[in-house]
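Trainee: Contents of query-v7.txt (compact mmCIF, N, CA and C atoms):
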```
# COMPACT_ATOMS: atom_id res chain seq x y z
N MET A 1 314.05 272.80 163.85
CA MET A 1 313.19 273.36 162.82
C MET A 1 313.07 272.35 161.68
N THR A 2 311.84 272.12 161.23
CA THR A 2 311.58 271.20 160.12
C THR A 2 310.98 272.01 158.98
N PRO A 3 310.85 271.41 157.79
CA PRO A 3 310.23 272.14 156.68
C PRO A 3 308.79 272.56 157.00
N GLU A 4 308.11 271.81 157.90
CA GLU A 4 306.74 272.16 158.24
C GLU A 4 306.66 273.29 159.25
N THR A 5 307.75 273.52 159.96
CA THR A 5 307.75 274.55 161.00
C THR A 5 308.56 275.74 160.54
N PRO A 6 307.93 276.92 160.45
CA PRO A 6 308.68 278.09 160.01
C PRO A 6 309.71 278.50 161.07
N PRO A 7 310.71 279.28 160.67
CA PRO A 7 311.68 279.77 161.65
C PRO A 7 310.97 280.55 162.75
N PRO A 8 311.55 280.63 163.96
CA PRO A 8 310.89 281.27 165.09
C PRO A 8 310.39 282.68 164.80
N GLN A 9 311.11 283.46 164.03
CA GLN A 9 310.67 284.82 163.75
C GLN A 9 309.43 284.86 162.87
N ASP A 10 309.07 283.73 162.24
CA ASP A 10 307.93 283.68 161.34
C ASP A 10 306.64 283.16 161.98
N HIS A 11 306.70 282.78 163.24
CA HIS A 11 305.45 282.32 163.87
C HIS A 11 305.36 282.85 165.29
N GLY A 12 304.15 282.80 165.81
CA GLY A 12 303.90 283.33 167.14
C GLY A 12 303.71 284.83 167.07
N GLY A 13 303.01 285.38 168.04
CA GLY A 13 302.79 286.82 168.06
C GLY A 13 301.86 287.27 166.96
N GLU A 14 301.96 288.53 166.63
CA GLU A 14 301.05 289.12 165.65
C GLU A 14 301.44 288.77 164.23
N THR A 15 300.45 288.72 163.37
CA THR A 15 300.70 288.56 161.94
C THR A 15 301.25 289.87 161.41
N GLN A 16 301.91 289.81 160.28
CA GLN A 16 302.48 291.01 159.70
C GLN A 16 301.39 291.89 159.08
N ARG A 17 301.50 293.17 159.27
CA ARG A 17 300.57 294.15 158.71
C ARG A 17 300.88 294.33 157.22
N PRO A 18 299.85 294.31 156.36
CA PRO A 18 300.10 294.52 154.93
C PRO A 18 300.76 295.88 154.69
N GLN A 19 301.81 295.89 153.93
CA GLN A 19 302.57 297.11 153.66
C GLN A 19 301.80 298.11 152.82
N ASN A 20 300.92 297.63 151.95
CA ASN A 20 300.28 298.49 150.97
C ASN A 20 298.89 298.96 151.40
N ASP A 21 298.51 298.79 152.65
CA ASP A 21 297.16 299.15 153.08
C ASP A 21 297.21 300.02 154.33
N PRO A 22 297.17 301.34 154.16
CA PRO A 22 297.22 302.23 155.32
C PRO A 22 295.98 302.13 156.20
N ARG A 23 294.90 301.50 155.69
CA ARG A 23 293.68 301.33 156.49
C ARG A 23 293.78 300.16 157.45
N PHE A 24 294.83 299.36 157.34
CA PHE A 24 294.99 298.18 158.19
C PHE A 24 295.53 298.62 159.54
N GLY A 25 294.62 298.70 160.51
CA GLY A 25 294.99 299.16 161.85
C GLY A 25 294.82 298.08 162.90
N PRO A 26 294.79 298.48 164.16
CA PRO A 26 294.72 297.51 165.25
C PRO A 26 293.44 296.66 165.25
N GLU A 27 292.31 297.22 164.81
CA GLU A 27 291.09 296.43 164.77
C GLU A 27 291.17 295.35 163.69
N ALA A 28 291.77 295.69 162.56
CA ALA A 28 291.97 294.70 161.50
C ALA A 28 292.92 293.61 161.98
N GLN A 29 293.97 294.02 162.66
CA GLN A 29 294.92 293.05 163.20
C GLN A 29 294.22 292.10 164.18
N ALA A 30 293.38 292.65 165.04
CA ALA A 30 292.66 291.82 166.02
C ALA A 30 291.72 290.84 165.31
N SER A 31 291.08 291.28 164.23
CA SER A 31 290.19 290.40 163.46
C SER A 31 290.97 289.21 162.90
N VAL A 32 292.13 289.48 162.34
CA VAL A 32 292.96 288.42 161.77
C VAL A 32 293.42 287.48 162.88
N ASP A 33 293.89 288.05 163.98
CA ASP A 33 294.38 287.22 165.08
C ASP A 33 293.28 286.32 165.65
N ARG A 34 292.06 286.87 165.80
CA ARG A 34 290.93 286.06 166.29
C ARG A 34 290.62 284.93 165.32
N SER A 35 290.66 285.23 164.04
CA SER A 35 290.37 284.21 163.03
C SER A 35 291.42 283.10 163.06
N LEU A 36 292.67 283.48 163.13
CA LEU A 36 293.75 282.49 163.15
C LEU A 36 293.68 281.62 164.41
N ALA A 37 293.23 282.21 165.51
CA ALA A 37 293.18 281.48 166.78
C ALA A 37 292.18 280.32 166.76
N VAL A 38 291.16 280.41 165.93
CA VAL A 38 290.15 279.34 165.91
C VAL A 38 290.42 278.30 164.83
N LEU A 39 291.38 278.54 163.99
CA LEU A 39 291.69 277.59 162.92
C LEU A 39 292.69 276.55 163.41
N HIS A 40 292.44 275.30 163.06
CA HIS A 40 293.33 274.21 163.48
C HIS A 40 294.12 273.63 162.33
N ASP A 41 293.76 273.98 161.12
CA ASP A 41 294.43 273.45 159.94
C ASP A 41 295.39 274.51 159.39
N ALA A 42 296.63 274.12 159.16
CA ALA A 42 297.64 275.06 158.66
C ALA A 42 297.26 275.61 157.29
N GLY A 43 296.64 274.79 156.44
CA GLY A 43 296.23 275.26 155.12
C GLY A 43 295.18 276.35 155.21
N ASP A 44 294.25 276.20 156.16
CA ASP A 44 293.23 277.24 156.37
C ASP A 44 293.88 278.53 156.84
N ALA A 45 294.82 278.41 157.77
CA ALA A 45 295.51 279.60 158.29
C ALA A 45 296.31 280.29 157.19
N LEU A 46 296.97 279.52 156.35
CA LEU A 46 297.74 280.11 155.25
C LEU A 46 296.82 280.83 154.27
N ARG A 47 295.64 280.27 154.04
CA ARG A 47 294.67 280.91 153.15
C ARG A 47 294.22 282.26 153.72
N VAL A 48 293.98 282.30 155.03
CA VAL A 48 293.62 283.56 155.68
C VAL A 48 294.75 284.57 155.54
N LEU A 49 295.97 284.14 155.81
CA LEU A 49 297.12 285.05 155.71
C LEU A 49 297.32 285.54 154.28
N ARG A 50 297.12 284.67 153.31
CA ARG A 50 297.24 285.06 151.90
C ARG A 50 296.16 286.09 151.55
N GLY A 51 294.95 285.88 152.06
CA GLY A 51 293.87 286.84 151.83
C GLY A 51 294.18 288.20 152.42
N VAL A 52 294.76 288.20 153.61
CA VAL A 52 295.13 289.46 154.25
C VAL A 52 296.27 290.13 153.49
N GLU A 53 297.24 289.34 153.07
CA GLU A 53 298.39 289.88 152.34
C GLU A 53 297.95 290.56 151.05
N THR A 54 297.02 289.96 150.34
CA THR A 54 296.64 290.51 149.04
C THR A 54 295.49 291.51 149.11
N ASN A 55 294.66 291.45 150.17
CA ASN A 55 293.48 292.30 150.23
C ASN A 55 293.41 293.20 151.46
N GLY A 56 294.35 293.06 152.37
CA GLY A 56 294.48 293.95 153.50
C GLY A 56 293.26 294.05 154.41
N SER A 57 292.92 295.28 154.77
CA SER A 57 291.86 295.52 155.74
C SER A 57 290.50 295.04 155.26
N ALA A 58 290.28 295.07 153.96
CA ALA A 58 289.01 294.58 153.42
C ALA A 58 288.81 293.11 153.77
N PHE A 59 289.87 292.33 153.68
CA PHE A 59 289.78 290.91 154.00
C PHE A 59 289.61 290.72 155.50
N ALA A 60 290.29 291.54 156.30
CA ALA A 60 290.12 291.47 157.75
C ALA A 60 288.67 291.77 158.13
N ALA A 61 288.03 292.71 157.44
CA ALA A 61 286.62 293.01 157.68
C ALA A 61 285.76 291.81 157.28
N TYR A 62 286.08 291.18 156.17
CA TYR A 62 285.34 290.00 155.70
C TYR A 62 285.38 288.89 156.74
N LEU A 63 286.51 288.74 157.40
CA LEU A 63 286.65 287.70 158.42
C LEU A 63 285.68 287.92 159.58
N MET A 64 285.21 289.14 159.77
CA MET A 64 284.31 289.47 160.87
C MET A 64 282.84 289.16 160.57
N LEU A 65 282.49 288.91 159.32
CA LEU A 65 281.11 288.59 158.99
C LEU A 65 280.72 287.26 159.63
N THR A 66 279.53 287.22 160.20
CA THR A 66 279.12 286.02 160.94
C THR A 66 278.98 284.79 160.06
N ASP A 67 278.72 284.98 158.78
CA ASP A 67 278.54 283.82 157.90
C ASP A 67 279.79 283.45 157.10
N THR A 68 280.93 284.05 157.43
CA THR A 68 282.17 283.70 156.75
C THR A 68 282.70 282.37 157.27
N ASN A 69 282.89 281.43 156.38
CA ASN A 69 283.46 280.14 156.73
C ASN A 69 284.97 280.24 156.59
N LEU A 70 285.65 280.39 157.73
CA LEU A 70 287.09 280.60 157.72
C LEU A 70 287.86 279.43 157.14
N ALA A 71 287.27 278.25 157.15
CA ALA A 71 287.95 277.05 156.66
C ALA A 71 287.57 276.70 155.22
N ALA A 72 286.82 277.56 154.55
CA ALA A 72 286.41 277.27 153.18
C ALA A 72 287.60 277.26 152.24
N ASP A 73 287.64 276.27 151.37
CA ASP A 73 288.72 276.20 150.38
C ASP A 73 288.69 277.40 149.44
N ASP A 74 287.50 277.92 149.19
CA ASP A 74 287.35 279.06 148.28
C ASP A 74 287.13 280.38 149.03
N LEU A 75 287.72 280.50 150.21
CA LEU A 75 287.56 281.68 151.06
C LEU A 75 287.88 282.98 150.32
N ILE A 76 288.98 283.01 149.61
CA ILE A 76 289.40 284.23 148.92
C ILE A 76 288.46 284.54 147.75
N ASP A 77 288.03 283.52 147.04
CA ASP A 77 287.06 283.74 145.95
C ASP A 77 285.74 284.28 146.50
N ARG A 78 285.30 283.72 147.61
CA ARG A 78 284.06 284.20 148.23
C ARG A 78 284.19 285.66 148.65
N PHE A 79 285.36 286.02 149.18
CA PHE A 79 285.61 287.42 149.54
C PHE A 79 285.45 288.31 148.30
N HIS A 80 286.10 287.93 147.20
CA HIS A 80 286.03 288.74 145.99
C HIS A 80 284.61 288.84 145.44
N ASP A 81 283.82 287.79 145.59
CA ASP A 81 282.44 287.82 145.14
C ASP A 81 281.58 288.77 145.99
N ALA A 82 281.92 288.89 147.25
CA ALA A 82 281.09 289.67 148.19
C ALA A 82 281.52 291.12 148.34
N TYR A 83 282.82 291.40 148.21
CA TYR A 83 283.32 292.73 148.57
C TYR A 83 282.88 293.80 147.57
N VAL A 84 282.42 294.94 148.12
CA VAL A 84 282.00 296.06 147.29
C VAL A 84 283.09 297.13 147.28
N ASP A 85 283.40 297.71 148.44
CA ASP A 85 284.42 298.76 148.54
C ASP A 85 284.49 299.23 149.99
N ALA A 86 285.34 300.24 150.22
CA ALA A 86 285.49 300.83 151.56
C ALA A 86 285.33 302.34 151.46
N TRP A 87 284.73 302.92 152.48
CA TRP A 87 284.51 304.37 152.55
C TRP A 87 284.90 304.85 153.95
N GLU A 88 285.29 306.12 154.02
CA GLU A 88 285.65 306.70 155.31
C GLU A 88 284.45 307.12 156.14
N SER A 89 283.30 307.31 155.49
CA SER A 89 282.10 307.69 156.25
C SER A 89 280.89 307.02 155.63
N PHE A 90 279.88 306.82 156.46
CA PHE A 90 278.66 306.21 155.95
C PHE A 90 277.94 307.17 155.00
N ALA A 91 278.10 308.46 155.21
CA ALA A 91 277.50 309.44 154.31
C ALA A 91 278.05 309.27 152.89
N GLU A 92 279.32 308.92 152.75
CA GLU A 92 279.90 308.68 151.43
C GLU A 92 279.28 307.44 150.78
N ILE A 93 279.03 306.41 151.58
CA ILE A 93 278.37 305.21 151.05
C ILE A 93 276.99 305.58 150.52
N ARG A 94 276.24 306.31 151.34
CA ARG A 94 274.88 306.71 150.97
C ARG A 94 274.91 307.52 149.67
N ARG A 95 275.81 308.48 149.60
CA ARG A 95 275.91 309.32 148.40
C ARG A 95 276.25 308.49 147.17
N ASP A 96 277.22 307.60 147.29
CA ASP A 96 277.64 306.79 146.14
C ASP A 96 276.51 305.86 145.68
N ILE A 97 275.79 305.28 146.62
CA ILE A 97 274.69 304.39 146.24
C ILE A 97 273.59 305.18 145.56
N LEU A 98 273.21 306.32 146.13
CA LEU A 98 272.17 307.15 145.51
C LEU A 98 272.61 307.63 144.12
N GLU A 99 273.87 307.95 144.00
CA GLU A 99 274.40 308.38 142.70
C GLU A 99 274.36 307.24 141.69
N ASN A 100 274.79 306.05 142.12
CA ASN A 100 274.78 304.89 141.22
C ASN A 100 273.38 304.49 140.79
N LEU A 101 272.40 304.71 141.65
CA LEU A 101 271.01 304.42 141.31
C LEU A 101 270.41 305.49 140.39
N GLY A 102 271.11 306.63 140.30
CA GLY A 102 270.60 307.72 139.47
C GLY A 102 269.64 308.64 140.21
N TRP A 103 269.46 308.41 141.49
CA TRP A 103 268.50 309.19 142.25
C TRP A 103 268.94 310.64 142.44
N LEU A 104 270.21 310.88 142.65
CA LEU A 104 270.67 312.26 142.87
C LEU A 104 270.38 313.11 141.64
N ASP A 105 270.71 312.59 140.47
CA ASP A 105 270.45 313.33 139.23
C ASP A 105 268.96 313.50 138.99
N ALA A 106 268.18 312.45 139.26
CA ALA A 106 266.73 312.51 139.02
C ALA A 106 266.08 313.56 139.92
N VAL A 107 266.44 313.58 141.18
CA VAL A 107 265.85 314.56 142.10
C VAL A 107 266.30 315.96 141.73
N LYS A 108 267.57 316.12 141.37
CA LYS A 108 268.06 317.44 140.96
C LYS A 108 267.30 317.92 139.72
N HIS A 109 267.07 317.03 138.79
CA HIS A 109 266.33 317.37 137.57
C HIS A 109 264.91 317.85 137.92
N VAL A 110 264.22 317.10 138.76
CA VAL A 110 262.86 317.49 139.16
C VAL A 110 262.89 318.85 139.87
N MET A 111 263.86 319.03 140.73
CA MET A 111 263.96 320.31 141.45
C MET A 111 264.22 321.46 140.49
N ASP A 112 265.09 321.24 139.50
CA ASP A 112 265.37 322.28 138.51
C ASP A 112 264.14 322.59 137.66
N VAL A 113 263.47 321.55 137.17
CA VAL A 113 262.30 321.73 136.31
C VAL A 113 261.16 322.41 137.07
N GLN A 114 260.98 322.01 138.31
CA GLN A 114 259.87 322.54 139.11
C GLN A 114 260.22 323.82 139.86
N GLY A 115 261.50 324.22 139.82
CA GLY A 115 261.92 325.43 140.52
C GLY A 115 261.89 325.27 142.04
N ILE A 116 262.17 324.07 142.51
CA ILE A 116 262.15 323.80 143.96
C ILE A 116 263.50 324.20 144.55
N PRO A 117 263.51 325.08 145.55
CA PRO A 117 264.77 325.47 146.20
C PRO A 117 265.43 324.25 146.88
N GLU A 118 266.76 324.26 146.91
CA GLU A 118 267.51 323.13 147.47
C GLU A 118 267.15 322.82 148.91
N ASP A 119 266.80 323.82 149.69
CA ASP A 119 266.51 323.58 151.10
C ASP A 119 265.08 323.08 151.35
N GLN A 120 264.33 322.83 150.30
CA GLN A 120 262.94 322.40 150.46
C GLN A 120 262.75 320.89 150.44
N LEU A 121 263.70 320.17 149.93
CA LEU A 121 263.63 318.71 149.93
C LEU A 121 264.80 318.14 150.72
N ILE A 122 264.49 317.17 151.55
CA ILE A 122 265.57 316.50 152.30
C ILE A 122 265.42 314.99 152.12
N TRP A 123 266.52 314.31 152.16
CA TRP A 123 266.52 312.85 152.05
C TRP A 123 266.16 312.26 153.40
N ASN A 124 265.41 311.20 153.39
CA ASN A 124 265.10 310.46 154.61
C ASN A 124 266.27 309.50 154.85
N THR A 125 267.33 310.03 155.42
CA THR A 125 268.56 309.24 155.56
C THR A 125 268.39 308.00 156.45
N PRO A 126 267.59 308.05 157.52
CA PRO A 126 267.42 306.80 158.28
C PRO A 126 266.80 305.68 157.43
N ALA A 127 265.84 306.01 156.59
CA ALA A 127 265.21 305.00 155.74
C ALA A 127 266.20 304.50 154.68
N ILE A 128 266.97 305.40 154.12
CA ILE A 128 267.98 305.00 153.12
C ILE A 128 269.03 304.11 153.76
N ASP A 129 269.50 304.52 154.95
CA ASP A 129 270.51 303.73 155.65
C ASP A 129 269.98 302.34 155.98
N GLN A 130 268.72 302.25 156.40
CA GLN A 130 268.15 300.94 156.70
C GLN A 130 268.11 300.07 155.45
N GLN A 131 267.79 300.67 154.32
CA GLN A 131 267.78 299.91 153.07
C GLN A 131 269.19 299.42 152.71
N ILE A 132 270.18 300.25 152.97
CA ILE A 132 271.57 299.84 152.73
C ILE A 132 271.92 298.66 153.62
N PHE A 133 271.57 298.75 154.91
CA PHE A 133 271.86 297.64 155.83
C PHE A 133 271.08 296.38 155.48
N ASP A 134 269.90 296.55 154.90
CA ASP A 134 269.12 295.38 154.47
C ASP A 134 269.71 294.73 153.23
N THR A 135 270.43 295.51 152.44
CA THR A 135 270.98 295.03 151.18
C THR A 135 272.42 294.54 151.30
N TYR A 136 273.19 295.17 152.17
CA TYR A 136 274.62 294.88 152.30
C TYR A 136 274.97 294.54 153.75
N ASP A 137 276.06 293.80 153.92
CA ASP A 137 276.68 293.66 155.24
C ASP A 137 277.71 294.79 155.33
N ALA A 138 277.67 295.52 156.41
CA ALA A 138 278.59 296.65 156.61
C ALA A 138 279.42 296.41 157.86
N ILE A 139 280.73 296.57 157.72
CA ILE A 139 281.65 296.40 158.84
C ILE A 139 282.45 297.69 158.99
N LEU A 140 282.42 298.27 160.18
CA LEU A 140 283.24 299.44 160.50
C LEU A 140 284.51 298.93 161.16
N LEU A 141 285.64 299.19 160.52
CA LEU A 141 286.92 298.66 160.97
C LEU A 141 287.98 299.74 160.85
N ASP A 142 288.57 300.11 161.97
CA ASP A 142 289.63 301.13 161.98
C ASP A 142 289.21 302.42 161.28
N GLY A 143 287.94 302.81 161.48
CA GLY A 143 287.46 304.06 160.92
C GLY A 143 287.01 303.99 159.47
N TRP A 144 286.99 302.82 158.87
CA TRP A 144 286.57 302.64 157.48
C TRP A 144 285.37 301.71 157.44
N TRP A 145 284.38 302.05 156.61
CA TRP A 145 283.22 301.20 156.38
C TRP A 145 283.50 300.30 155.18
N HIS A 146 283.38 299.01 155.38
CA HIS A 146 283.55 298.02 154.31
C HIS A 146 282.17 297.43 154.02
N LEU A 147 281.78 297.41 152.75
CA LEU A 147 280.49 296.86 152.34
C LEU A 147 280.68 295.56 151.59
N PHE A 148 279.77 294.62 151.89
CA PHE A 148 279.77 293.29 151.27
C PHE A 148 278.37 292.98 150.79
N ASN A 149 278.26 292.39 149.61
CA ASN A 149 276.97 291.90 149.14
C ASN A 149 276.51 290.78 150.06
N LYS A 150 275.21 290.78 150.36
CA LYS A 150 274.67 289.70 151.20
C LYS A 150 274.44 288.48 150.33
```
The structure given in the file should be rewritten as structure tokens.
Mentor:
Amino acid sequence: MTPETPPPQDHGGETQRPQNDPRFGPEAQASVDRSLAVLHDAGDALRVLRGVETNGSAFAAYLMLTDTNLAADDLIDRFHDAYVDAWESFAEIRRDILENLGWLDAVKHVMDVQGIPEDQLIWNTPAIDQQIFDTYDAILLDGWWHLFNK
């Protein structure tokens, strides 16, 4: 064993699962393992592991984006610039985005003012979802949706 080579228990096999991220499951682990398998530089691999250690499943999802440069020196900064959040369902993403845009309140206001019953207006969810996919990169990982700015 040399200073450059970690002890046997520290290399080979699976990477360690982040202790503080219950969303980090087998799909996240597979994403990290695939990413590490293509890296040839130890510094790049350490950067990936540091990103996983500090950001958990969100970082594992980021590694799955087709335009992620795994060998970028600023990989973790790029992750922080792109990451939005994680949700358990796409319906929650849709609701949060519509709420943040003010659309839910605006439509409720119009319905209240005009006396429109709640069952008379419906959201065109396929169109809204398409707009979300056009605006964000979405990764479903271990049952959680992770959104990234494009």
Trainee: Skipping near chain neighbours, those fewer than 2 positions away, what residues fall within 6.5 Å of Ala60 of chain A using all atoms listed in the file, listed as a list of chain:residue names?
Mentor: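 Listing them by chain and then by number gives A:Ala28, A:Ser31, A:Val32, A:Gly51, A:Val52, A:Asn55, A:Gly56, A:Ser57, A:Ala58, A:Tyr62, A:Leu63, A:Met64.
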Trainee: What is the distance, in Å and to one decimal place, between atom CA of Leu39 of chain A and atom CA of Thr68 of chain A?
Mentor: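 Rounded to one decimal, the two atoms are 12.9 Å apart.
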Trainee: Write out as a list in words all residues of segment 55-147 of chain A that DSSP puts in strand (DSSP E) for this structure's backbone.
Mentor: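 Assigned to strand (DSSP E), within segment 55-147 of chain A: Tyr83, Val84, Asp85, Ala86, Trp87, Tyr136, Asp137, Ala138, Ile139, Leu140, Leu141, Trp144, Trp145, His146 and Leu147 of chain A.
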Trainee: Taking 6 positions as the minimum chain separation for residues in the same chain, which residues sit within 5 Å of Asp137 of chain A when counting all atoms listed in the file? Answer as number ranges by chain.
Mentor: A: 147-150
Trainee: So the first atom is atom C of Ala42 of chain A and the second is atom CA of Phe59 of chain A; what is the distance between them in Å, to one decimal place?
Mentor: 17.3 Å
Trainee: Write out as a PDB file with N, CA and C atoms, in the coordinates of the input the residues lying within 8 Å of Leu36 of chain A, counting only N, CA and C atoms and excluding same-chain residues fewer than 6 positions away.
Mentor:
```pdb
ATOM      1  N   ALA A  30     293.380 292.650 165.040  1.00  0.00           N
ATOM      2  CA  ALA A  30     292.660 291.820 166.020  1.00  0.00           C
ATOM      3  C   ALA A  30     291.720 290.840 165.310  1.00  0.00           C
ATOM      4  N   ASP A  44     294.250 276.200 156.160  1.00  0.00           N
ATOM      5  CA  ASP A  44     293.230 277.240 156.370  1.00  0.00           C
ATOM      6  C   ASP A  44     293.880 278.530 156.840  1.00  0.00           C
ATOM      7  N   ALA A  45     294.820 278.410 157.770  1.00  0.00           N
ATOM      8  CA  ALA A  45     295.510 279.600 158.290  1.00  0.00           C
ATOM      9  C   ALA A  45     296.310 280.290 157.190  1.00  0.00           C
ATOM     10  N   VAL A  48     293.980 282.300 155.030  1.00  0.00           N
ATOM     11  CA  VAL A  48     293.620 283.560 155.680  1.00  0.00           C
ATOM     12  C   VAL A  48     294.750 284.570 155.540  1.00  0.00           C
ATOM     13  N   LEU A  49     295.970 284.140 155.810  1.00  0.00           N
ATOM     14  CA  LEU A  49     297.120 285.050 155.710  1.00  0.00           C
ATOM     15  C   LEU A  49     297.320 285.540 154.280  1.00  0.00           C
TER      16      LEU A  49
END
```
Trainee: Please identify which residues in chain A DSSP calls helix (DSSP H, G or I) from the backbone, and express them as a ChimeraX atom specification.
Mentor: /A:8-10,26-38,42-63,75-82,90-101,103-114,118-120,125-135
Trainee: Between A:Gln120, A:Ser89, A:Asn100, A:Gln29, which has the minimum distance to Ala61 of chain A (counting only C-alpha atoms)?
Mentor: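 Nearest to Ala61 of chain A: A:Gln29.
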Trainee: Would you mind listing what lies within 6 Å of Trp145 of chain A as a PDB file with N, CA and C atoms, in the coordinates of the input, with only C-alpha atoms counted and same-chain residues fewer than 2 positions away left out?
Mentor:
```pdb
ATOM      1  N   ALA A  86     285.340 300.240 150.220  1.00  0.00           N
ATOM      2  CA  ALA A  86     285.490 300.830 151.560  1.00  0.00           C
ATOM      3  C   ALA A  86     285.330 302.340 151.460  1.00  0.00           C
ATOM      4  N   TRP A  87     284.730 302.920 152.480  1.00  0.00           N
ATOM      5  CA  TRP A  87     284.510 304.370 152.550  1.00  0.00           C
ATOM      6  C   TRP A  87     284.900 304.850 153.950  1.00  0.00           C
ATOM      7  N   ILE A 139     280.730 296.570 157.720  1.00  0.00           N
ATOM      8  CA  ILE A 139     281.650 296.400 158.840  1.00  0.00           C
ATOM      9  C   ILE A 139     282.450 297.690 158.990  1.00  0.00           C
ATOM     10  N   LEU A 140     282.420 298.270 160.180  1.00  0.00           N
ATOM     11  CA  LEU A 140     283.240 299.440 160.500  1.00  0.00           C
ATOM     12  C   LEU A 140     284.510 298.930 161.160  1.00  0.00           C
TER      13      LEU A 140
END
```
Trainee: Measuring between only C-alpha atoms, which one of A:Ala106, A:Ile128, A:Ile76, A:Leu141 shows the shortest distance to Ile93 of chain A?
Mentor: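 Using only C-alpha atoms, Ile93 of chain A sits closest to A:Ile128.
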Trainee: Because the input lacks atoms here, generate all heavy atoms for segment 30-36 of chain A and report them as a tab-separated table (two decimals), keeping the file's coordinate frame.
Mentor:
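Saved the output as rebuild36.tsv:
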```tsv
chain	number	residue	atom	x	y	z
A	30	ALA	N	293.38	292.65	165.04
A	30	ALA	CA	292.66	291.82	166.02
A	30	ALA	C	291.72	290.84	165.31
A	30	ALA	O	291.58	289.69	165.74
A	30	ALA	CB	291.88	292.71	166.99
A	31	SER	N	291.08	291.28	164.23
A	31	SER	CA	290.19	290.40	163.46
A	31	SER	C	290.97	289.21	162.90
A	31	SER	O	290.52	288.06	162.99
A	31	SER	CB	289.53	291.18	162.32
A	31	SER	OG	288.90	290.32	161.42
A	32	VAL	N	292.13	289.48	162.34
A	32	VAL	CA	292.96	288.42	161.77
A	32	VAL	C	293.42	287.48	162.88
A	32	VAL	O	293.34	286.25	162.74
A	32	VAL	CB	294.16	289.01	161.00
A	32	VAL	CG1	295.12	287.91	160.56
A	32	VAL	CG2	293.68	289.83	159.82
A	33	ASP	N	293.89	288.05	163.98
A	33	ASP	CA	294.38	287.22	165.08
A	33	ASP	C	293.28	286.32	165.65
A	33	ASP	O	293.52	285.14	165.93
A	33	ASP	CB	294.98	288.08	166.19
A	33	ASP	CG	296.27	288.77	165.76
A	33	ASP	OD1	296.89	288.33	164.77
A	33	ASP	OD2	296.66	289.75	166.43
A	34	ARG	N	292.06	286.87	165.80
A	34	ARG	CA	290.93	286.06	166.29
A	34	ARG	C	290.62	284.93	165.32
A	34	ARG	O	290.36	283.79	165.74
A	34	ARG	CB	289.68	286.92	166.47
A	34	ARG	CG	289.60	287.68	167.77
A	34	ARG	CD	288.22	288.30	167.98
A	34	ARG	NE	287.79	289.14	166.87
A	34	ARG	CZ	288.07	290.43	166.75
A	34	ARG	NH1	288.81	291.05	167.66
A	34	ARG	NH2	287.63	291.11	165.71
A	35	SER	N	290.66	285.23	164.04
A	35	SER	CA	290.37	284.21	163.03
A	35	SER	C	291.42	283.10	163.06
A	35	SER	O	291.08	281.91	163.01
A	35	SER	CB	290.30	284.83	161.64
A	35	SER	OG	289.25	285.77	161.59
A	36	LEU	N	292.67	283.48	163.13
A	36	LEU	CA	293.75	282.49	163.15
A	36	LEU	C	293.68	281.62	164.41
A	36	LEU	O	294.00	280.43	164.37
A	36	LEU	CB	295.11	283.17	163.05
A	36	LEU	CG	295.42	283.83	161.71
A	36	LEU	CD1	296.72	284.62	161.79
A	36	LEU	CD2	295.47	282.81	160.59
```
